[in-house]
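Input: a single structure, listed below in structure tokens.
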Amino acid sequence: SQTIHQWPATLVQPVGSPLSLECTVEGTSNPNLYWYRQAAGRGLQLLFYSVGIGQISSEVPQNLSASRPQDRQFILSSKKLLLSDSGFYLCAWSPGGPNEQYFGPGTRLTVT
Amino acid sequence: AQRVTQPEKLLSVFKGAPVELKCNYSYSGSPELFWYVQYSRQRLQLLLRHISRESIKGFTADLNKGETSFHLKKPFAQEEDSAMYYCALQGGSEKLVFGKGTKLTVNP
């Protein structure tokens, strides 16, 4: 069966520090991968998605970037964190097409 | 542009009462519509999708193209239905557009 992992679960980082959040999927190949930010009252905001290795679509211009170095690995990064980057980050995968997305447990990021 | 609107941030009902969570969408083509649910301390997960036309945990949702709506309904709410509910639209691409969510509280 397929599983999706995210780490770390929680992270506290100072302003100006770099960021790397990792998401991996097991039990499937060539999944679509997604990064979302979830904020109370603002729902889920799609940040990036990828339909294949090295293919990244950015939805919102911001201080973050994403990479997909391997088929089932999706990384969210920043060179210098801002206070406004604090939030709950969710990774998801889908088999493509009009199908269900499967979500990871999320990472709670606090920028101080 | 694709847009999903959930007009109620919060919805509170009593156990056994009917519940309806509203969702309206904006999309010029034929959309795929979904309801996702997040229970306390659990992952966000699919509740149902319009194409399957099935009832999950007593919930149903009908796509009304004339009113561009996909409201979620349950005739008799249960306390375990308390959760965050998100309506989502997929229209001609590989991404989902989510509404801002409705927090449902079912009181005993």
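Residues in the structure tokens are named by chain (A, B, ... in the order shown) and by number from 1 within that chain; ligands are numbered from 1 in the order shown.
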**Prompt:** Which residues, written as number ranges by chain, have at least one atom at most 9 Å from region 28-30 of chain B, with only C-alpha atoms counted and residues fewer than 6 positions away on the same chain left out?
**Reply:** B: 1-2, 65, 91-92
Since we have the selection now, will you write its residues out, keeping N, CA, C and O atoms, as a PDB file, in the first residue's frame?
ATOM      1  N   ALA B   1     -11.116  31.876 -14.186  1.00  0.00           N
ATOM      2  CA  ALA B   1     -10.393  31.468 -12.977  1.00  0.00           C
ATOM      3  C   ALA B   1     -11.243  30.470 -12.195  1.00  0.00           C
ATOM      4  O   ALA B   1     -12.466  30.532 -12.203  1.00  0.00           O
ATOM      5  N   GLN B   2     -10.555  29.565 -11.535  1.00  0.00           N
ATOM      6  CA  GLN B   2     -11.253  28.571 -10.724  1.00  0.00           C
ATOM      7  C   GLN B   2     -11.311  29.071  -9.285  1.00  0.00           C
ATOM      8  O   GLN B   2     -10.309  29.505  -8.733  1.00  0.00           O
ATOM      9  N   LYS B  65     -25.127  22.018 -11.464  1.00  0.00           N
ATOM     10  CA  LYS B  65     -24.387  22.856 -12.411  1.00  0.00           C
ATOM     11  C   LYS B  65     -25.090  24.190 -12.642  1.00  0.00           C
ATOM     12  O   LYS B  65     -24.445  25.201 -12.902  1.00  0.00           O
ATOM     13  N   GLY B  91     -10.248  21.282 -12.171  1.00  0.00           N
ATOM     14  CA  GLY B  91     -10.778  21.636 -13.463  1.00  0.00           C
ATOM     15  C   GLY B  91      -9.725  21.669 -14.548  1.00  0.00           C
ATOM     16  O   GLY B  91      -9.043  22.665 -14.716  1.00  0.00           O
ATOM     17  N   GLY B  92      -9.578  20.574 -15.272  1.00  0.00           N
ATOM     18  CA  GLY B  92      -8.704  20.568 -16.443  1.00  0.00           C
ATOM     19  C   GLY B  92      -7.221  20.644 -16.172  1.00  0.00           C
ATOM     20  O   GLY B  92      -6.438  20.923 -17.072  1.00  0.00           O
TER      21      GLY B  92
END
Output as a tab-separated table one row per residue of region 18-96 of chain A within 12 Å of region 4-12 of chain A: the closest atom pair and its distance in Å to one decimal place, counting only C-alpha atoms, sorted by chain and residue number ascending.
residue	atom	partner	partner_atom	distance
A:Pro18	CA	A:Val12	CA	11.4
A:Leu19	CA	A:Leu11	CA	9.4
A:Ser20	CA	A:Pro8	CA	9.3
A:Leu21	CA	A:Trp7	CA	6.3
A:Glu22	CA	A:Trp7	CA	5.6
A:Cys23	CA	A:Gln6	CA	4.5
A:Thr24	CA	A:His5	CA	5.3
A:Val25	CA	A:Ile4	CA	4.4
A:Glu26	CA	A:Ile4	CA	6.3
A:Gly27	CA	A:Ile4	CA	9.0
A:Thr28	CA	A:Ile4	CA	10.1
A:Pro31	CA	A:Ile4	CA	11.1
A:Leu33	CA	A:Ile4	CA	10.4
A:Tyr34	CA	A:Ile4	CA	11.6
A:Trp35	CA	A:Gln6	CA	10.9
A:Arg72	CA	A:Ile4	CA	9.3
A:Gln73	CA	A:His5	CA	9.7
A:Phe74	CA	A:Gln6	CA	9.6
A:Ile75	CA	A:Gln6	CA	9.7
A:Leu76	CA	A:Gln6	CA	10.8
A:Leu81	CA	A:Val12	CA	10.9
A:Leu83	CA	A:Val12	CA	11.1
A:Asp85	CA	A:Val12	CA	11.2
A:Ser86	CA	A:Val12	CA	9.0
A:Gly87	CA	A:Leu11	CA	10.2
A:Phe88	CA	A:Thr10	CA	9.0
A:Tyr89	CA	A:Gln6	CA	9.4
A:Leu90	CA	A:Gln6	CA	8.2
A:Cys91	CA	A:Gln6	CA	7.2
A:Ala92	CA	A:Ile4	CA	7.6
A:Trp93	CA	A:Ile4	CA	7.8
A:Ser94	CA	A:Ile4	CA	10.6
Do me a favour and pick out the residues of chain B within 8 Å of chain A, using only C-alpha atoms, as number ranges by chain. B: 9, 32, 42-46, 86, 90, 93-101
_For the helix (DSSP H, G or I) assignment from backbone DSSP, which residues of chain B qualify? Please present them as a VMD selection string._
chain B and resid 50 to 52 79 to 81
Name the residues in contact with Thr112 (chain A) at a cut-off of 7 Å, using only C-alpha atoms, excluding same-chain residues fewer than 3 positions from it; report them as a PyMOL selection string.
-> chain A and resi 13-15+83
- DSSP strand (DSSP E or B) residues within region 1-110 of chain A, as an MDAnalysis selection string: chainID A and resid 3:7 10:13 19:26 32:39 43:52 55:58 65:70 73:78 87:94 102:103 107:110
Item to check | 8 Å contact set for Leu10 (chain B), only C-alpha atoms, chain neighbours under 5 positions out, as a list in words | outcome: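 That gives Thr102, Lys103, Leu104 and Thr105 of chain B.
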Hey, can you spit out that residue selection with all heavy atoms as a PDB file, in the first residue's frame?
ATOM      1  N   THR B 102     -15.004  24.841   6.359  1.00  0.00           N
ATOM      2  CA  THR B 102     -16.059  25.081   7.348  1.00  0.00           C
ATOM      3  C   THR B 102     -15.811  24.166   8.529  1.00  0.00           C
ATOM      4  O   THR B 102     -15.668  22.955   8.364  1.00  0.00           O
ATOM      5  CB  THR B 102     -17.455  24.793   6.774  1.00  0.00           C
ATOM      6  OG1 THR B 102     -17.718  25.676   5.683  1.00  0.00           O
ATOM      7  CG2 THR B 102     -18.529  24.962   7.839  1.00  0.00           C
ATOM      8  N   LYS B 103     -15.750  24.762   9.703  1.00  0.00           N
ATOM      9  CA  LYS B 103     -15.595  23.949  10.908  1.00  0.00           C
ATOM     10  C   LYS B 103     -16.973  23.595  11.444  1.00  0.00           C
ATOM     11  O   LYS B 103     -17.746  24.471  11.838  1.00  0.00           O
ATOM     12  CB  LYS B 103     -14.796  24.708  11.969  1.00  0.00           C
ATOM     13  CG  LYS B 103     -14.527  23.886  13.205  1.00  0.00           C
ATOM     14  CD  LYS B 103     -13.647  24.614  14.194  1.00  0.00           C
ATOM     15  CE  LYS B 103     -13.365  23.761  15.422  1.00  0.00           C
ATOM     16  NZ  LYS B 103     -12.498  24.444  16.400  1.00  0.00           N
ATOM     17  N   LEU B 104     -17.262  22.315  11.425  1.00  0.00           N
ATOM     18  CA  LEU B 104     -18.546  21.818  11.903  1.00  0.00           C
ATOM     19  C   LEU B 104     -18.413  21.316  13.337  1.00  0.00           C
ATOM     20  O   LEU B 104     -17.534  20.515  13.634  1.00  0.00           O
ATOM     21  CB  LEU B 104     -19.053  20.684  11.005  1.00  0.00           C
ATOM     22  CG  LEU B 104     -20.313  19.962  11.476  1.00  0.00           C
ATOM     23  CD1 LEU B 104     -21.514  20.911  11.468  1.00  0.00           C
ATOM     24  CD2 LEU B 104     -20.590  18.732  10.634  1.00  0.00           C
ATOM     25  N   THR B 105     -19.291  21.792  14.179  1.00  0.00           N
ATOM     26  CA  THR B 105     -19.362  21.302  15.552  1.00  0.00           C
ATOM     27  C   THR B 105     -20.746  20.725  15.774  1.00  0.00           C
ATOM     28  O   THR B 105     -21.750  21.413  15.537  1.00  0.00           O
ATOM     29  CB  THR B 105     -19.107  22.426  16.564  1.00  0.00           C
ATOM     30  OG1 THR B 105     -17.824  23.003  16.323  1.00  0.00           O
ATOM     31  CG2 THR B 105     -19.157  21.889  17.991  1.00  0.00           C
TER      32      THR B 105
END
Quick one: residues within 8 Å of Cys87 (chain B), only C-alpha atoms counted, chain neighbours fewer than 4 positions away excluded, as a short mmCIF file (atom, residue, chain, number, x, y, z; two decimals) with C-alpha atoms, in the first residue's frame?
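In the end it all went to selection36.cif:
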data_model
loop_
_atom_site.label_atom_id
_atom_site.label_comp_id
_atom_site.auth_asym_id
_atom_site.auth_seq_id
_atom_site.Cartn_x
_atom_site.Cartn_y
_atom_site.Cartn_z
CA VAL B 4 -14.35 27.62 -4.48
CA GLN B 6 -17.50 28.06 1.42
CA CYS B 23 -19.99 25.03 -1.40
CA LEU B 33 -15.67 18.22 -7.17
CA PHE B 34 -14.60 16.76 -3.87
CA TRP B 35 -15.25 17.07 -0.16
CA TYR B 36 -12.28 16.53 2.13
CA PHE B 98 -9.73 24.34 -2.11
CA GLY B 99 -12.25 26.46 -0.32
CA GLY B 101 -13.14 25.36 4.94
#
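The coordinates place CA of Tyr36 (chain A) at 17.6 Å from CA of Arg41 (chain B).
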Neighbour list for region 61-63 of chain B as an MDAnalysis selection string, cut-off 12 Å, only C-alpha atoms, skip fewer than 6 positions in-chain: chainID B and resid 19:25 30:36 47:55 69:75 87 89
What would the file look like if the residues just selected were written as a short mmCIF file (atom, residue, chain, number, x, y, z; two decimals), in the first residue's frame with N, CA and C atoms?
data_model
loop_
_atom_site.label_atom_id
_atom_site.label_comp_id
_atom_site.auth_asym_id
_atom_site.auth_seq_id
_atom_site.Cartn_x
_atom_site.Cartn_y
_atom_site.Cartn_z
N VAL B 19 -27.75 18.64 8.72
CA VAL B 19 -26.65 19.58 8.51
C VAL B 19 -26.39 19.73 7.02
N GLU B 20 -26.09 20.97 6.62
CA GLU B 20 -25.74 21.24 5.23
C GLU B 20 -24.55 22.19 5.21
N LEU B 21 -23.48 21.77 4.60
CA LEU B 21 -22.30 22.62 4.43
C LEU B 21 -22.29 23.09 2.99
N LYS B 22 -22.27 24.39 2.82
CA LYS B 22 -22.42 24.96 1.49
C LYS B 22 -21.08 25.09 0.76
N CYS B 23 -21.16 24.87 -0.54
CA CYS B 23 -19.99 25.03 -1.40
C CYS B 23 -20.47 25.54 -2.75
N ASN B 24 -19.92 26.64 -3.19
CA ASN B 24 -20.18 27.15 -4.53
C ASN B 24 -18.86 27.26 -5.28
N TYR B 25 -18.91 27.05 -6.56
CA TYR B 25 -17.68 27.07 -7.33
C TYR B 25 -17.82 27.95 -8.56
N SER B 30 -16.36 21.56 -17.17
CA SER B 30 -16.99 20.54 -16.32
C SER B 30 -16.04 20.17 -15.18
N PRO B 31 -16.41 20.51 -13.98
CA PRO B 31 -15.46 20.31 -12.86
C PRO B 31 -15.56 18.92 -12.25
N GLU B 32 -14.46 18.54 -11.61
CA GLU B 32 -14.48 17.41 -10.69
C GLU B 32 -14.56 18.04 -9.29
N LEU B 33 -15.50 17.61 -8.49
CA LEU B 33 -15.67 18.22 -7.17
C LEU B 33 -15.54 17.19 -6.08
N PHE B 34 -14.93 17.63 -4.98
CA PHE B 34 -14.60 16.76 -3.87
C PHE B 34 -14.96 17.44 -2.54
N TRP B 35 -15.22 16.60 -1.55
CA TRP B 35 -15.25 17.07 -0.16
C TRP B 35 -14.17 16.31 0.61
N TYR B 36 -13.30 17.09 1.27
CA TYR B 36 -12.28 16.53 2.13
C TYR B 36 -12.63 16.88 3.58
N LEU B 47 -13.52 12.68 1.69
CA LEU B 47 -14.80 12.20 2.21
C LEU B 47 -15.63 11.62 1.05
N LEU B 48 -15.84 12.44 0.04
CA LEU B 48 -16.54 11.92 -1.12
C LEU B 48 -16.26 12.81 -2.33
N ARG B 49 -16.60 12.28 -3.50
CA ARG B 49 -16.43 13.00 -4.75
C ARG B 49 -17.69 12.85 -5.57
N HIS B 50 -18.00 13.85 -6.35
CA HIS B 50 -19.30 13.86 -7.02
C HIS B 50 -19.42 12.75 -8.04
N ILE B 51 -18.31 12.36 -8.64
CA ILE B 51 -18.39 11.40 -9.74
C ILE B 51 -18.79 10.01 -9.23
N SER B 52 -18.54 9.73 -7.96
CA SER B 52 -18.85 8.41 -7.45
C SER B 52 -20.30 8.29 -6.99
N ARG B 53 -20.93 9.43 -6.73
CA ARG B 53 -22.36 9.47 -6.37
C ARG B 53 -22.69 8.51 -5.22
N GLU B 54 -21.82 8.42 -4.26
CA GLU B 54 -22.10 7.52 -3.15
C GLU B 54 -22.26 8.29 -1.86
N SER B 55 -22.83 7.61 -0.88
CA SER B 55 -23.00 8.20 0.45
C SER B 55 -21.90 7.64 1.35
N SER B 69 -23.13 24.65 -7.50
CA SER B 69 -23.01 24.32 -6.09
C SER B 69 -22.75 22.83 -5.91
N PHE B 70 -22.17 22.52 -4.76
CA PHE B 70 -21.88 21.13 -4.40
C PHE B 70 -21.99 21.05 -2.89
N HIS B 71 -23.19 21.23 -2.39
CA HIS B 71 -23.40 21.28 -0.95
C HIS B 71 -23.35 19.88 -0.35
N LEU B 72 -22.81 19.79 0.85
CA LEU B 72 -22.67 18.52 1.57
C LEU B 72 -23.80 18.43 2.60
N LYS B 73 -24.48 17.28 2.61
CA LYS B 73 -25.65 17.15 3.48
C LYS B 73 -25.63 15.85 4.26
N LYS B 74 -26.21 15.92 5.43
CA LYS B 74 -26.44 14.72 6.23
C LYS B 74 -27.72 14.92 7.01
N PRO B 75 -28.64 13.95 6.96
CA PRO B 75 -29.94 14.17 7.59
C PRO B 75 -29.90 14.21 9.12
N CYS B 87 -14.25 21.89 0.67
CA CYS B 87 -14.72 21.61 -0.68
C CYS B 87 -13.57 21.90 -1.64
N LEU B 89 -12.13 21.72 -5.95
CA LEU B 89 -12.47 21.62 -7.37
C LEU B 89 -11.23 21.29 -8.18
#
